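Remarks on the structure that follows.
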Amino acid sequence: MVTAAQFEVLGPLAVSAGGRAVPVSGSRAQRVLAALLLHAGRPVDIATLVDYAWDDPPSTARQQIHTVVYRLRRLLGERVQTVEVGYRLDLDGARLDADDFARGVLRGRTLLANADAPGAAAALREALELWRGRALAGLPGERLRLHGVRLEEERLAALEECAEIELGLGRHRQLVGELQAYAAEHPLRERIAALLITALTRDGRQADAIAHYHRVVATLRDELGVEPGPALRDAYLDTLRSAGAPPPAAAPGRLPRAPRRLVGRDAELRRLLAAARDGAGRGDRPRVVVVDGMAGVGKSALALTAAHALAEGRPGARLYIDLHGHSEREPVDPHEALGVLLRQLGAVPPPDGAERAELWAGRMRELAGVVVLDNAAGAAQVEPLLPPQGPSVVVVTSRTRLGPIEGAAALSLEPLGPDGAVELLRDTADERVDDDPGAATAVAGLCGGLPLALRLVGHRLRHRPRWTVGMLAEQLSFASHEPIRVAAEGWSTAAAFDLSYRALPEPQQRLFRRLGLHPAGTLEAEAAAVLAEVPVAEVRYLLDDLVEVNLVQADVPGRYRLHDLLRAYAETLVADEERHPAIVRMLEYYLGALGAAGEYLEEPESEPEVPAGTRVFATSAEGTDWILEHWPCLRALVELSHRCGEYRYTLLLARLSFNPARTLGYSGAALALADRAVAAADALGDDLLAARTCRTVAGIYLRLGRYGDCHALLERSQGVFRRHGAAREALMQQSLQVIVLRHQGLLRDALDLAQRTVAEAEATGDTRAAVTALAEGGTVLHLLGRPEEGASMIARAWAVRRDRVQASNAVALGWLGSALVAMHRPAAAGLVLMWTIGLKRLHGNLGGAAEALAEYGRLVALQGDPEAGLRYQRQAYDEARRFGDGYFDPIVANHLGETLTMLGRTAEAVTEHERVLRDAGQRMPYERARAHAGLAAALRTTDPARAGLARALAVAEFAGMGLDEAAIRRMCP
């Protein structure tokens with residue numbers, strides 16, 4: 001066995017032992033070794049090794065893998081182990097540079113969380129020095145390439161973090177050369193560009209900074225068709241300010257690209273522009289124009305062309321949202337739509353509906369912008385999105401004629417007439433259209449005058465140089481009309497779709513029809529590869545072919561979309577024998593991807609088996625972004641699996657979606673998933689699985705303050721665990737009930753149950769239940785005004801599992817930090833709270849991190865710097881309000897109110913505490929009592945009578961929760 005071995009993948013693959021290189025000869029052996037290293041310590045099955053070793057494996061691939069492993073074992077000895085499913089590489093006593101890099105980056109981030117910027121920069125630099133070039137350089141293969149991309153992304157993220165820290169340390173001059181090199185290598189990476197612009201500016205080179213900004217913007221527009229993001233623009237504006245130049249006016253938001261040329265719609269475009277400009281810009285009410293028409297008639301193309309024309313010379317917002325009013329996806333709720341539009345404006349949407357509408361109205365009051373509301377379901381969906389005042393223009397599209405919208409102009413879009421249809425056919429095809437006007441008119445008629453169908457057949461004609469227009473008309477006449485019928489005055493587009501499909505080679509046909517099975521219609525290449533049963537590298541070529549013939553759209557790099565008519569048509573082509581297996585493969589892919597994103601709700605030992613995903617995420621943030629982007633798709637997949645009777649996938653997809661739902665503030669939306677999960681568990685006939693699912697769903701009800709539903713599910717699952725003799729499950733359930741009692745404000749009951757659970761768990765050796773009950777019991781003691789006892793109990797919980805850095809440990813640490821603040825131990829409290837913030841962010845619990853940051857602000861305020869404390873709490877409040885369910889808002893708002901009272905800003909403090917009373921309602925009794933106590937303190941001098949009433953309410957509420965007189969006096973002085 002090779003001892004003291006060093007394995008390196010951050011550059012060309014290399015192995016050494018005792019300071020000497022260990023050569024690994026042969027590309028195949030190097031690829032297999034790389035695969036084992038990338039999964040070091042974990043079993044890798046033979047099929048996976050084959051995928052890494054060959055892009056197009058031979059029939060003897062499995063036998064060859066055994067031979068390759070035999071050669072590797074001769075080099076590396078017992079490190080290469082045979083396991084049940086394949087092989088595993090044991091790194092015990094060895095070093096892998098990728099692991100060293102990850103540890104170094106984590107150390108740097110931890111140091112930064114503890115306010116040690118120089119140490120953080122040094123740790124990140126040490127980690128970056130491990131790189132010797134591109135990861136796995138020189139090794140072929142798509143799967144290895146993807147891992148290389150992932151590692152390179154981690155390297156760039158670490159470099160960007162390091163550069164940002166070093167800029168803060170005044171090292172801008174040393175950074176310029178390095179950032180210039182990386183910017184040249186990654187011209188589309190905006191964060192590097194922003195850092196370089198900042199470094200150049202601070203080095204006194206504003207002209208170079210401005211020139212670089214304009215080069216990057218030109219590249220982004222030319223290659224991606226996008227505008228610069230806020231970070232890059234902010235760096236540019238800072239440069240202009242430092243140079244004494246006035247910053248240009250911003251135009252927030254971004255419209256999608258308009259068609260290259262809008263053919264046959266000159267009259268309609270003139271009418272739309274005239275209607276939009278008639279009365280627009282006068283500052284009273286926005287001008288609204290509604291465009292309706294059948295699917296495929298070109299509503300969106302007309303709306304976007306008009307929007308770009310209207311936006312010229314207007315400094316206001318340029319906003320767009322697809323409302324999905326006519327697709328298999330649920331129409332976008334107006335509340336969610338307002339959130340999307342506000343984010344395009346750079347605003348943080350409040351969770352409260354009235355506040356969200358008020359913020360939207362305020363932002364749009366002075367903006368002379370353009371808003372496109374595409375694919376609306378009806379007037380009820382549109383009206384909440386119309387700004388009540390301001391000079392903007394709103395263009396709405398819908399397949400149906402909407403109900404009356406006050407002051408709106410209406411434009412019904414009909415299929416193109418014969419002349420317009422022939423013109424579009426000529427524009428898409430070539431001059432052959434003029435050779436046979438009669439046949440061209442016949443083709444236009446067979447396509448129903450719909451631009452979508454005309455582009456399809458025109459593209460087909462352009463790429464068939466030997467065809468005449470007459471031949472095309474003949475082909476269309478004999479094409480099948482059976483698959484899908486979309487009529488316009490008796491004409492059908494089915495012939496155009498069918499002709500385009502039949503002209504495809506078989507692999508493209510297979511991919512196209514199976515894309516119709518995707519419930520969202522917008523997907524990534526990896527999902528398409530699973531449906532088509534081909535490697536990702538190959539499916540990209542197939543997708544590009546479909547894009548070329550206008551059967552698939554690629555609006556965003558890496559993302560593909562089917563027009564809903566084409567998707568409906570494609571699904572009808574799927575044969576019965578391929579439908580169900582393709583759906584199962586797609587469900588398996590998304591389940592694995594969801595697992596790869598690291599979004600697990602329960603502890604690993606109780607989580608059902610999840611397949612190893614083929615999707616690779618470079619960072620936890622990338623995984624979270626993937627969840628955000630695919631949230632509607634995940635919901636649709638849960639419904640699809642339920643309809644297909646694939647209840648295992650229904651259950652697992654729903655359960656793995658619960659944690660991101662809570663983390664991202666989608667608790668309300670998760671309720672539909674919860675119902676499906678419980679129904680699927682019952683359908684599977686597994687009582688224990690159903691009980692575990694009920695326990696998981698109870699967490700959603702807890703977050704929403706629906707304690708009755710929460711208790712009902714917990715009692716149901718508790719009964720099942722007891723009937724089956726699942727003592728550990730029952731005890732864990734009991735510890736979770738402590739959490740519910742705490743949220744209800746039944747603190748004495750919660751403490752009694754926690755202490756009883758700890759005793760039972762320790763007597764039976766159930767560590768997991770003991771840890772949960774200890775942490776919760778300590779939290780309850782702290783809330784009861786007994787922080788010393790609470791801290792001791794939480795510390796016992798931490799001592800049991802301090803070797804396992806988990807999200808639940810971070811929650812316990814947060815409460816420990818809060819208890820230490822109450823114990824007047826500022827140094828220890830500050831250390832624990834900063835550690836908590838870092839851990840919660842690491843685990844994606846950004847709302848919990850905001851809560852801990854607010855507590856840290858309270859500590860800073862109590863230490864004599866309330867202004868600084870207030871700044872921390874303002875930041876925490878902004879972060880907390882990003883989550884739509886409002887769970888963290890009352891906690892942070894109470895902290896804000898208390899600090900504002902310390903500063904003498906009592907009117908603002910009253911506003912914050914009243915906000916808590918309005919938002920917390922009955923679901924957060926402890927925060928409600930805190931708010932009454934805060935009001936009493938804020939109003940003590942200005943309104944003694946009201947202050948007295950608020951104090952009396954707070955005293956009664958705290959007493960009802962079980963606090964003794966001494967604790968109540970501390971809370972209500």
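In the structure tokens, chains take the letters A, B, ... in the order shown, each chain's residues start at 1, and ligands count up from 1 in the order shown.
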
Could you pull the residues within 12 Å of A:Gly470, counting only C-alpha atoms, minus those fewer than 4 positions along the same chain, as a list in words?
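Contacts, in chain order: Arg432, Val433, Asp434, Asp435, Asp436, Pro437, Gly438, Ala439, Ala440, Thr441, Ala442, Val443, Ala444, Leu461, Arg466, Glu474, Gln475, Leu476 and Ser477 of chain A.
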
Would you put the residues from that selection into a file with C-alpha atoms, as a PDB file, in the first residue's frame?
```pdb
ATOM      1  CA  ARG A 432     -38.239  30.697 -53.924  1.00  0.00           C
ATOM      2  CA  VAL A 433     -41.467  31.888 -52.309  1.00  0.00           C
ATOM      3  CA  ASP A 434     -41.796  34.399 -55.170  1.00  0.00           C
ATOM      4  CA  ASP A 435     -41.404  31.687 -57.814  1.00  0.00           C
ATOM      5  CA  ASP A 436     -44.843  30.203 -57.159  1.00  0.00           C
ATOM      6  CA  PRO A 437     -47.208  32.756 -55.574  1.00  0.00           C
ATOM      7  CA  GLY A 438     -50.139  30.339 -55.672  1.00  0.00           C
ATOM      8  CA  ALA A 439     -48.276  27.643 -53.802  1.00  0.00           C
ATOM      9  CA  ALA A 440     -46.963  30.206 -51.311  1.00  0.00           C
ATOM     10  CA  THR A 441     -50.521  31.345 -50.590  1.00  0.00           C
ATOM     11  CA  ALA A 442     -51.556  27.705 -50.174  1.00  0.00           C
ATOM     12  CA  VAL A 443     -48.748  27.103 -47.645  1.00  0.00           C
ATOM     13  CA  ALA A 444     -49.766  30.210 -45.719  1.00  0.00           C
ATOM     14  CA  LEU A 461     -37.829  25.089 -46.917  1.00  0.00           C
ATOM     15  CA  ARG A 466     -33.958  21.255 -53.974  1.00  0.00           C
ATOM     16  CA  GLU A 474     -48.004  19.153 -51.339  1.00  0.00           C
ATOM     17  CA  GLN A 475     -46.182  17.759 -48.324  1.00  0.00           C
ATOM     18  CA  LEU A 476     -48.323  19.844 -45.971  1.00  0.00           C
ATOM     19  CA  SER A 477     -51.509  18.748 -47.676  1.00  0.00           C
TER      20      SER A 477
END
```

Would you list the contacts of A:Leu637 as number ranges by chain, taking every protein, DNA or RNA residue within 10 Å and counting only C-alpha atoms, but skipping same-chain residues closer than 5 positions in sequence?
A: 518-520, 583, 586-587, 590-591, 631-632, 642-643, 649-650, 653-654

Restricting the output to N, CA and C atoms, write the selected residues as a compact mmCIF listing (two decimals), in the first residue's frame.
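Printed below is part-v3.txt as written:
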```txt
# COMPACT_ATOMS: atom_id res chain seq x y z
N HIS A 518 -42.28 16.76 -20.18
CA HIS A 518 -41.80 17.63 -19.09
C HIS A 518 -42.94 18.54 -18.64
N PRO A 519 -43.28 18.56 -17.37
CA PRO A 519 -44.49 19.31 -16.95
C PRO A 519 -44.34 20.81 -16.97
N ALA A 520 -43.10 21.31 -16.97
CA ALA A 520 -42.91 22.76 -16.93
C ALA A 520 -42.58 23.34 -18.29
N ILE A 583 -40.93 9.03 -17.93
CA ILE A 583 -41.34 9.84 -16.78
C ILE A 583 -40.59 9.42 -15.53
N MET A 586 -37.12 10.75 -15.59
CA MET A 586 -37.11 12.19 -15.30
C MET A 586 -37.31 12.44 -13.81
N LEU A 587 -38.22 11.71 -13.18
CA LEU A 587 -38.43 11.86 -11.74
C LEU A 587 -37.17 11.48 -10.97
N TYR A 590 -34.57 14.40 -11.25
CA TYR A 590 -34.85 15.56 -10.40
C TYR A 590 -34.72 15.22 -8.92
N LEU A 591 -35.05 14.00 -8.56
CA LEU A 591 -34.86 13.60 -7.17
C LEU A 591 -33.38 13.60 -6.81
N TRP A 631 -38.32 25.72 -8.63
CA TRP A 631 -39.40 25.50 -7.67
C TRP A 631 -40.74 25.20 -8.36
N PRO A 632 -41.19 25.97 -9.37
CA PRO A 632 -42.45 25.60 -10.04
C PRO A 632 -42.37 24.22 -10.68
N HIS A 642 -47.75 11.89 -8.77
CA HIS A 642 -48.98 11.43 -8.10
C HIS A 642 -49.98 10.93 -9.13
N ARG A 643 -50.13 11.67 -10.25
CA ARG A 643 -51.07 11.23 -11.29
C ARG A 643 -50.65 9.90 -11.89
N TYR A 649 -41.86 8.54 -5.64
CA TYR A 649 -41.30 9.82 -6.09
C TYR A 649 -42.11 10.99 -5.55
N THR A 650 -43.44 10.84 -5.50
CA THR A 650 -44.25 11.89 -4.91
C THR A 650 -43.77 12.19 -3.50
N LEU A 653 -39.84 13.52 -3.47
CA LEU A 653 -39.72 14.88 -4.01
C LEU A 653 -40.35 15.90 -3.07
N ALA A 654 -41.52 15.55 -2.52
CA ALA A 654 -42.18 16.48 -1.61
C ALA A 654 -41.36 16.66 -0.34
```

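Of the residues under consideration (A:Leu702, A:Leu939, A:Leu551, A:Met834), A:Leu551 shows the shortest atom-to-atom contact distance to A:Arg460 when counting only C-alpha atoms.
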
Mind checking DSSP for stretch 146-329 of chain A and telling me the helix (DSSP H, G or I) residues as a ChimeraX atom specification?
/A:146-168,172-185,190-202,206-224,230-243,266-277,299-311

If you count only C-alpha atoms, which residues fall within 10 Å of A:Gly168, apart from same-chain ones fewer than 4 positions away, as a compact mmCIF listing (two decimals) with all heavy atoms, in the first residue's frame?
```
# COMPACT_ATOMS: atom_id res chain seq x y z
N ALA A 117 -10.28 39.55 9.31
CA ALA A 117 -10.11 39.69 7.87
C ALA A 117 -8.69 39.33 7.41
O ALA A 117 -8.53 38.61 6.42
CB ALA A 117 -10.47 41.11 7.43
N PRO A 118 -7.62 39.78 8.08
CA PRO A 118 -6.27 39.37 7.64
C PRO A 118 -6.08 37.86 7.68
O PRO A 118 -5.50 37.28 6.76
CB PRO A 118 -5.34 40.10 8.62
CG PRO A 118 -6.14 41.26 9.13
CD PRO A 118 -7.55 40.77 9.19
N CYS A 162 -11.53 36.24 -1.58
CA CYS A 162 -10.21 36.68 -1.11
C CYS A 162 -9.93 38.10 -1.60
O CYS A 162 -9.47 38.96 -0.83
CB CYS A 162 -9.14 35.71 -1.60
SG CYS A 162 -7.48 36.11 -1.01
N ALA A 163 -10.20 38.36 -2.89
CA ALA A 163 -9.95 39.68 -3.45
C ALA A 163 -10.81 40.74 -2.76
O ALA A 163 -10.35 41.85 -2.47
CB ALA A 163 -10.22 39.68 -4.95
N GLU A 164 -12.05 40.38 -2.46
CA GLU A 164 -12.93 41.34 -1.78
C GLU A 164 -12.40 41.68 -0.40
O GLU A 164 -12.41 42.84 0.02
CB GLU A 164 -14.34 40.74 -1.69
CG GLU A 164 -15.38 41.76 -1.36
CD GLU A 164 -16.79 41.28 -1.70
OE1 GLU A 164 -16.93 40.36 -2.53
OE2 GLU A 164 -17.73 41.83 -1.13
N HIS A 172 -5.24 46.98 -2.90
CA HIS A 172 -5.74 47.07 -4.28
C HIS A 172 -4.63 47.05 -5.31
O HIS A 172 -4.78 46.46 -6.38
CB HIS A 172 -6.57 48.36 -4.44
CG HIS A 172 -5.97 49.56 -3.79
ND1 HIS A 172 -6.27 49.92 -2.48
CD2 HIS A 172 -5.08 50.46 -4.24
CE1 HIS A 172 -5.59 51.01 -2.18
NE2 HIS A 172 -4.86 51.36 -3.22
```

With distances taken over only C-alpha atoms, the candidate from A:Thr400, A:Gln922, A:Gln509, A:Gln64 nearest A:Gln744 is A:Gln922

re atom CA of A:Ala683 and atom CA of A:Ala769: distance 28.9 Å

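Of the listed residues A:Leu651, A:Ala199, A:Ala347, A:Leu338, the one whose atoms come nearest to A:Leu385 is A:Leu338, with distances taken using only C-alpha atoms.
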
Pick out the residues sitting within 9 Å of A:Gln733, and hand them over as a VMD selection string; count only C-alpha atoms, and ignore anything fewer than 4 positions along from it in its own chain.
chain A and resid 695 714 to 715 717 to 718 721 728 to 729 737 769
